[in-house]
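Student: I have a structure I would like to understand better, so I am pasting it below and will then ask my questions one at a time.
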Amino acid sequence: MSDPGSVSGGTGLEAAAAAGVDQLSHVDDSSQKQRKPRSLWSDAWGELRRKPTFIISLVIILIVVVMAIWPSLFTSVDPRHANLDKSLQKPSAEAWFGYDLQGYDVYARAMYGARASLLVGIFSTILTVIIGSFVGIIAGYAKTWIDSLLSRFADIFAGIPFVLGAIVILTTLNAPNENPGVVRIVTQVVLSIAVLSWPVVMRIMRSATLVAKQQDYVKAARGLGASPMRIVFRHLLPNTIAPVLVYGTIALGAFIGAEATLAFLGIGLRPPVVSWGVMISESRDYFQSAPHMLLFPAGFVTVTVLAFVMLGDAVRDALDPKSR
Amino acid sequence: MGRYVLRRLLQLIPVFLGTTFLIYALVWAIPQDPFSGKCGQRPCDPSYIAEMSQKLNLNDPLLVQYFKYLGNLLTGNFGTTFNGVSVGEQISISWPITFKLGIIAVIIEAVIGIIAGVLTGLRRQGFLDNLVLVSTLFLISLPVFVTGFVLRLYLGPQGFDIMDTSVGADPTIGELILPGFVLGSLSMAYVARLTRTSIVENRRSDYVRTAIAKGQPQTRVVGVHLLRNSLIPVITFLGTDLGSLMGGAIVTEGVFNINGIGGLIFRGIQEKEGVMVTGIVTLLVLVYLLASLLVDLLYAVLDPRIRYE
């Protein structure tokens, strides 16, 4: 019978990634049928190479990454050059995406905005995954009382609604009229996203560890006298990291969207930083008269998030031999 | 059953205390001077500071402050803001609107999500299946405020003029349908996908085959046997989602200018009204925790195999 306590709580992302947990117990039989035994990952890679959604999402992500590293490859216009004569002009051959209120070229800003948005996404994902897997693997492997202590501790953070928590944290750290520096605000946004999201990774990691702990290879390792550190890092981690990585891929997309949401509320990144979220928040009062100001950066956010979600979906399906 | 409920309720207490203390500490302990900018351009009158500090227990250590505050909450006293406005009164005006919005969002996402999930789960690989997969992917990728702005722009009078997208001060259910749809749109995609996966998994199970072999009509096999078993993960999701939707309503309320909890808390934070912020957050956390408890109890109703001793 299922224990209702273990499934309580969790967001949609967790539900999406949780399917990946199942595959742990099925890893062995998938490789038996092959003539040459292949590892889980090489098996998944063979599956992924033939998937169009995987290729498409990879290409999109590659383009966005190139955009973030060398925005000048895509545009020769300076994103910080304002010309008030052109304020709110519609898209034209000269400026494909039109101009915003200050007379900035929206296309150029969209290219240069990729960097800040992607950086926030990547850093928050790395931090979330590290904190979450560390606590999760300890909770799953350690004694019961440590497990329940850590689980309740995670529940405390999971109980705070995301937007609400981020608003409280970010406004506490910055007074409303203050304009913090670029590095400081990026760090704050990354930290607040990670602090509010790690319980999801922790739960995924914990349940994966609980399954893996019962496997024979762990018992064998323990019987051979391996230290807990060795068991966790050499035996458990390689076998439990897959569902977390799937979640991480999807979450990276979601965090780029979260950056945009926080900027929209006026508490995330703010000018002079150029990011998609900042562009969207600048458009909020003018979107009825100049919808291009909103639609283009929003389109970039959507396509990037879409690519990461598609990638995560494809990897999860490939890692799950049951779905074949 | 009774013992289980009791155990769960006891487990809720440390989580509730931890979460609310965290917020309380963030709001009251970290900012240096709670009175900065409270009295216009000049520094506050010492007698006013003394009175407010006394009222808010600001001279006590943080833990004592927190428990005094919690004690007041338990007697239904939310306290007053720096201007002397009763927080409880403000909340009682805004709360029903946000609550209505949240409920409408959950109903919309449940109805559309489950129908889409069942239809696609029963008939995989068809046109409808691909359509739902692609559209859920898009809904997941769209930030909520973009959905809101775009729908407002194109459905409203400036766009194709299909409906009136403005929301009044005391909105009716009809006015809240579009905001509710926007609020629930992301979760709707998850509900559809969750239902689909669940239906696909259970469709090949023995009890479904038995029901078909017994000669049960298709509607009964799907509606009673299959659906009841497949909805358990969906119900979990919906329950926890109700809590997070209330918190996420801030963005939707901002887009549609709805006079709900979101606006209240946002103003509270901007004006540094700590009493207002802690009061609302406590309320939202409580809703979230109770909704997840309710979900656990619903399991037993849906799946008689789950029994709480």
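How things are named: the first chain in the structure tokens is A, the next is B, and so on; residues count from 1 in each chain; ligands count from 1 in the order shown.
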Ala254 in chain A: which residues within 9 Å, counting only C-alpha atoms, same-chain residues fewer than 6 positions away excluded, as a list in words?
Tutor: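 Once the adjacent positions are removed, what remains is Leu13, Gly121, Val305, Phe308 and Val309 of chain A; Ile140, Ser141 and Pro143 of chain B.
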Student: For chain A, list the residues within 6 Å of chain B, counting only C-alpha atoms, and write the list as a list in words.
Tutor: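 Output check: Gly9, Gly12, Ile156, Pro161, Val163, Leu164, Gly257, Thr302, Val305 and Leu306 of chain A.
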Student: Could you list, as a VMD selection string, every residue within 10 Å of range 174-181 of chain B, counting only C-alpha atoms and ignoring same-chain residues fewer than 3 positions away?
Tutor: chain B and resid 97 to 98 100 to 109 147 to 148 151 to 152 155 163 to 168 170 to 171 184 to 186 188 245 249 252 to 253 255 to 256 258
Student: Take the residues just selected and output them with C-alpha atoms as a PDB file, in the first residue's frame.
Tutor:
```pdb
ATOM      1  CA  ILE B  97     -12.102  37.867  -3.924  1.00  0.00           C
ATOM      2  CA  THR B  98      -8.804  35.975  -4.023  1.00  0.00           C
ATOM      3  CA  LYS B 100     -13.115  33.006  -5.335  1.00  0.00           C
ATOM      4  CA  LEU B 101     -10.396  33.497  -7.962  1.00  0.00           C
ATOM      5  CA  GLY B 102      -8.415  30.532  -6.639  1.00  0.00           C
ATOM      6  CA  ILE B 103     -11.455  28.238  -6.547  1.00  0.00           C
ATOM      7  CA  ILE B 104     -12.482  29.249 -10.089  1.00  0.00           C
ATOM      8  CA  ALA B 105      -8.937  28.573 -11.301  1.00  0.00           C
ATOM      9  CA  VAL B 106      -8.883  25.125  -9.694  1.00  0.00           C
ATOM     10  CA  ILE B 107     -12.303  24.227 -11.122  1.00  0.00           C
ATOM     11  CA  ILE B 108     -11.319  25.355 -14.625  1.00  0.00           C
ATOM     12  CA  GLU B 109      -7.990  23.553 -14.557  1.00  0.00           C
ATOM     13  CA  THR B 147      -0.841  34.721 -21.018  1.00  0.00           C
ATOM     14  CA  GLY B 148      -2.760  37.334 -19.047  1.00  0.00           C
ATOM     15  CA  LEU B 151      -5.579  37.425 -23.589  1.00  0.00           C
ATOM     16  CA  ARG B 152      -6.505  40.846 -22.210  1.00  0.00           C
ATOM     17  CA  LEU B 155     -10.063  39.457 -26.225  1.00  0.00           C
ATOM     18  CA  MET B 163     -15.592  40.140 -24.091  1.00  0.00           C
ATOM     19  CA  ASP B 164     -15.142  42.798 -21.458  1.00  0.00           C
ATOM     20  CA  THR B 165     -11.841  42.025 -19.776  1.00  0.00           C
ATOM     21  CA  SER B 166     -12.002  44.643 -17.039  1.00  0.00           C
ATOM     22  CA  VAL B 167     -12.731  43.535 -13.501  1.00  0.00           C
ATOM     23  CA  GLY B 168     -14.716  45.681 -11.077  1.00  0.00           C
ATOM     24  CA  ASP B 170     -16.285  43.751  -6.203  1.00  0.00           C
ATOM     25  CA  PRO B 171     -16.032  41.261  -9.065  1.00  0.00           C
ATOM     26  CA  GLY B 184      -4.963  28.066 -13.732  1.00  0.00           C
ATOM     27  CA  SER B 185      -3.512  27.766 -17.234  1.00  0.00           C
ATOM     28  CA  LEU B 186      -0.097  26.471 -16.181  1.00  0.00           C
ATOM     29  CA  MET B 188      -4.097  22.899 -16.353  1.00  0.00           C
ATOM     30  CA  LEU B 245      -2.487  29.406  -6.648  1.00  0.00           C
ATOM     31  CA  ALA B 249      -2.592  35.153  -7.631  1.00  0.00           C
ATOM     32  CA  THR B 252      -2.741  37.614 -12.108  1.00  0.00           C
ATOM     33  CA  GLU B 253      -4.327  40.217  -9.856  1.00  0.00           C
ATOM     34  CA  VAL B 255      -2.411  42.041 -14.670  1.00  0.00           C
ATOM     35  CA  PHE B 256      -6.183  42.349 -14.315  1.00  0.00           C
ATOM     36  CA  ILE B 258      -8.162  42.835  -9.215  1.00  0.00           C
TER      37      ILE B 258
END
```
Student: Work out how far apart CA of Arg80 in chain A and CA of Arg109 in chain A are and give it in Å to one decimal.
Tutor: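 About the pair CA of Arg80 in chain A and CA of Arg109 in chain A: they are 7.9 Å apart.
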Student: Would you work out the distance separating CA of Phe127 in chain B from CA of Ala314 in chain A, expressed in Å to one decimal?
Tutor: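 Between CA of Phe127 in chain B and CA of Ala314 in chain A the gap works out to 19.8 Å.
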Student: Apply DSSP to the structure's backbone, then extract all residues of range 108-291 of chain B labelled helix (DSSP H, G or I) and return them as an MDAnalysis selection string.
Tutor: chainID B and resid 108:122 127:141 144:155 173:203 206:213 218:256 261:270 274:291
Student: Any idea what's packed within 10 Å of Ile56 in chain A, counting only C-alpha atoms, ignoring anything in its chain fewer than 5 positions away? Could you give it as a list in words?
Tutor: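 Answer for this query is Lys51, Ile61, Leu62, Ala307, Met310 and Leu311 of chain A.
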Student: Those same residues, written as a PDB file, in the first residue's frame with N, CA and C atoms?
Tutor:
```
ATOM      1  N   LYS A  51      15.450  11.219 -31.914  1.00  0.00           N
ATOM      2  CA  LYS A  51      14.224  11.953 -31.591  1.00  0.00           C
ATOM      3  C   LYS A  51      14.246  13.357 -32.164  1.00  0.00           C
ATOM      4  N   ILE A  61      18.498  25.689 -27.943  1.00  0.00           N
ATOM      5  CA  ILE A  61      19.324  26.015 -26.772  1.00  0.00           C
ATOM      6  C   ILE A  61      20.699  26.492 -27.222  1.00  0.00           C
ATOM      7  N   LEU A  62      21.245  25.821 -28.234  1.00  0.00           N
ATOM      8  CA  LEU A  62      22.552  26.206 -28.756  1.00  0.00           C
ATOM      9  C   LEU A  62      22.532  27.648 -29.257  1.00  0.00           C
ATOM     10  N   ALA A 307      12.153  25.061 -25.143  1.00  0.00           N
ATOM     11  CA  ALA A 307      13.269  24.202 -25.526  1.00  0.00           C
ATOM     12  C   ALA A 307      13.752  23.373 -24.338  1.00  0.00           C
ATOM     13  N   MET A 310      11.121  20.707 -23.420  1.00  0.00           N
ATOM     14  CA  MET A 310      11.127  19.631 -24.417  1.00  0.00           C
ATOM     15  C   MET A 310      12.343  18.727 -24.219  1.00  0.00           C
ATOM     16  N   LEU A 311      13.486  19.361 -23.953  1.00  0.00           N
ATOM     17  CA  LEU A 311      14.709  18.587 -23.720  1.00  0.00           C
ATOM     18  C   LEU A 311      14.540  17.671 -22.505  1.00  0.00           C
TER      19      LEU A 311
END
```
Student: Using only C-alpha atoms, can you tell me which of A:Arg270, A:His292, A:Arg203, A:Arg316 comes closest to Ile185 in chain A?
Tutor: A:Arg270
Student: Counting only C-alpha atoms, which of B:Ala25, B:Leu73, B:Ala116, B:Ala192 gets nearest to Ile169 in chain A?
Tutor: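 Closest candidate: B:Ala25.
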Student: Could you list, as a PyMOL selection string, every residue within 10 Å of Leu245 in chain A, counting only C-alpha atoms and ignoring same-chain residues fewer than 5 positions away?
Tutor: chain A and resi 17+20+125+129+201+240+250-251+312+315-316
Student: Let me see the file: selected residues, C-alpha atoms, as a PDB file, in the first residue's frame.
Tutor:
```
ATOM      1  CA  ALA A  17      10.181  14.526 -12.944  1.00  0.00           C
ATOM      2  CA  GLY A  20      11.920   9.339 -13.758  1.00  0.00           C
ATOM      3  CA  THR A 125      19.456  25.582 -11.328  1.00  0.00           C
ATOM      4  CA  VAL A 129      20.266  20.977  -7.617  1.00  0.00           C
ATOM      5  CA  VAL A 201      14.907  18.460  -5.700  1.00  0.00           C
ATOM      6  CA  THR A 240      19.961   8.523  -8.273  1.00  0.00           C
ATOM      7  CA  ILE A 250      12.940  21.469 -16.957  1.00  0.00           C
ATOM      8  CA  ALA A 251      13.586  23.758 -13.983  1.00  0.00           C
ATOM      9  CA  GLY A 312      13.797  17.455 -20.209  1.00  0.00           C
ATOM     10  CA  VAL A 315      15.637  12.852 -21.702  1.00  0.00           C
ATOM     11  CA  ARG A 316      13.104  11.499 -19.218  1.00  0.00           C
TER      12      ARG A 316
END
```
Student: Mind checking which residues fall within 9 Å of Ile193 in chain A, counting only C-alpha atoms, ignoring those fewer than 2 positions away in the same chain, and posting them as a PDB file with N, CA and C atoms, in the first residue's frame?
Tutor:
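Result went into selection32.pdb, see below:
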```pdb
ATOM      1  N   SER A 124      20.738  29.545 -10.845  1.00  0.00           N
ATOM      2  CA  SER A 124      19.743  29.085  -9.868  1.00  0.00           C
ATOM      3  C   SER A 124      19.543  27.585  -9.968  1.00  0.00           C
ATOM      4  N   THR A 125      19.614  27.030 -11.206  1.00  0.00           N
ATOM      5  CA  THR A 125      19.456  25.582 -11.328  1.00  0.00           C
ATOM      6  C   THR A 125      20.590  24.855 -10.634  1.00  0.00           C
ATOM      7  N   THR A 128      20.131  25.144  -6.877  1.00  0.00           N
ATOM      8  CA  THR A 128      18.989  24.355  -6.423  1.00  0.00           C
ATOM      9  C   THR A 128      19.327  22.871  -6.413  1.00  0.00           C
ATOM     10  N   PHE A 162       5.869  30.462  -3.970  1.00  0.00           N
ATOM     11  CA  PHE A 162       7.089  30.963  -4.600  1.00  0.00           C
ATOM     12  C   PHE A 162       7.117  32.483  -4.770  1.00  0.00           C
ATOM     13  N   ALA A 166       9.549  35.096  -2.740  1.00  0.00           N
ATOM     14  CA  ALA A 166      10.548  35.884  -3.463  1.00  0.00           C
ATOM     15  C   ALA A 166      10.322  37.369  -3.226  1.00  0.00           C
ATOM     16  N   GLN A 188      21.139  38.067  -5.590  1.00  0.00           N
ATOM     17  CA  GLN A 188      19.937  37.979  -4.754  1.00  0.00           C
ATOM     18  C   GLN A 188      18.833  37.196  -5.435  1.00  0.00           C
ATOM     19  N   VAL A 189      18.615  37.457  -6.741  1.00  0.00           N
ATOM     20  CA  VAL A 189      17.557  36.749  -7.455  1.00  0.00           C
ATOM     21  C   VAL A 189      17.869  35.256  -7.500  1.00  0.00           C
ATOM     22  N   VAL A 190      19.133  34.920  -7.806  1.00  0.00           N
ATOM     23  CA  VAL A 190      19.526  33.509  -7.862  1.00  0.00           C
ATOM     24  C   VAL A 190      19.309  32.841  -6.511  1.00  0.00           C
ATOM     25  N   LEU A 191      19.764  33.518  -5.435  1.00  0.00           N
ATOM     26  CA  LEU A 191      19.624  32.938  -4.105  1.00  0.00           C
ATOM     27  C   LEU A 191      18.159  32.733  -3.735  1.00  0.00           C
ATOM     28  N   VAL A 195      16.594  29.177  -2.797  1.00  0.00           N
ATOM     29  CA  VAL A 195      16.107  28.926  -1.441  1.00  0.00           C
ATOM     30  C   VAL A 195      14.666  28.421  -1.462  1.00  0.00           C
ATOM     31  N   LEU A 196      13.863  28.926  -2.408  1.00  0.00           N
ATOM     32  CA  LEU A 196      12.454  28.533  -2.443  1.00  0.00           C
ATOM     33  C   LEU A 196      12.220  27.276  -3.260  1.00  0.00           C
ATOM     34  N   SER A 197      13.187  26.818  -4.067  1.00  0.00           N
ATOM     35  CA  SER A 197      12.941  25.662  -4.937  1.00  0.00           C
ATOM     36  C   SER A 197      13.637  24.381  -4.504  1.00  0.00           C
ATOM     37  N   TRP A 198      14.625  24.469  -3.621  1.00  0.00           N
ATOM     38  CA  TRP A 198      15.388  23.248  -3.329  1.00  0.00           C
ATOM     39  C   TRP A 198      14.567  22.114  -2.746  1.00  0.00           C
ATOM     40  N   PHE A 255      12.968  28.561 -14.390  1.00  0.00           N
ATOM     41  CA  PHE A 255      13.613  29.655 -13.668  1.00  0.00           C
ATOM     42  C   PHE A 255      13.814  30.874 -14.568  1.00  0.00           C
ATOM     43  N   ALA A 258      10.748  32.462 -14.236  1.00  0.00           N
ATOM     44  CA  ALA A 258      10.630  33.072 -12.905  1.00  0.00           C
ATOM     45  C   ALA A 258      11.360  34.406 -12.864  1.00  0.00           C
ATOM     46  N   GLU A 259      12.521  34.461 -13.519  1.00  0.00           N
ATOM     47  CA  GLU A 259      13.262  35.731 -13.591  1.00  0.00           C
ATOM     48  C   GLU A 259      12.380  36.804 -14.217  1.00  0.00           C
TER      49      GLU A 259
END
```
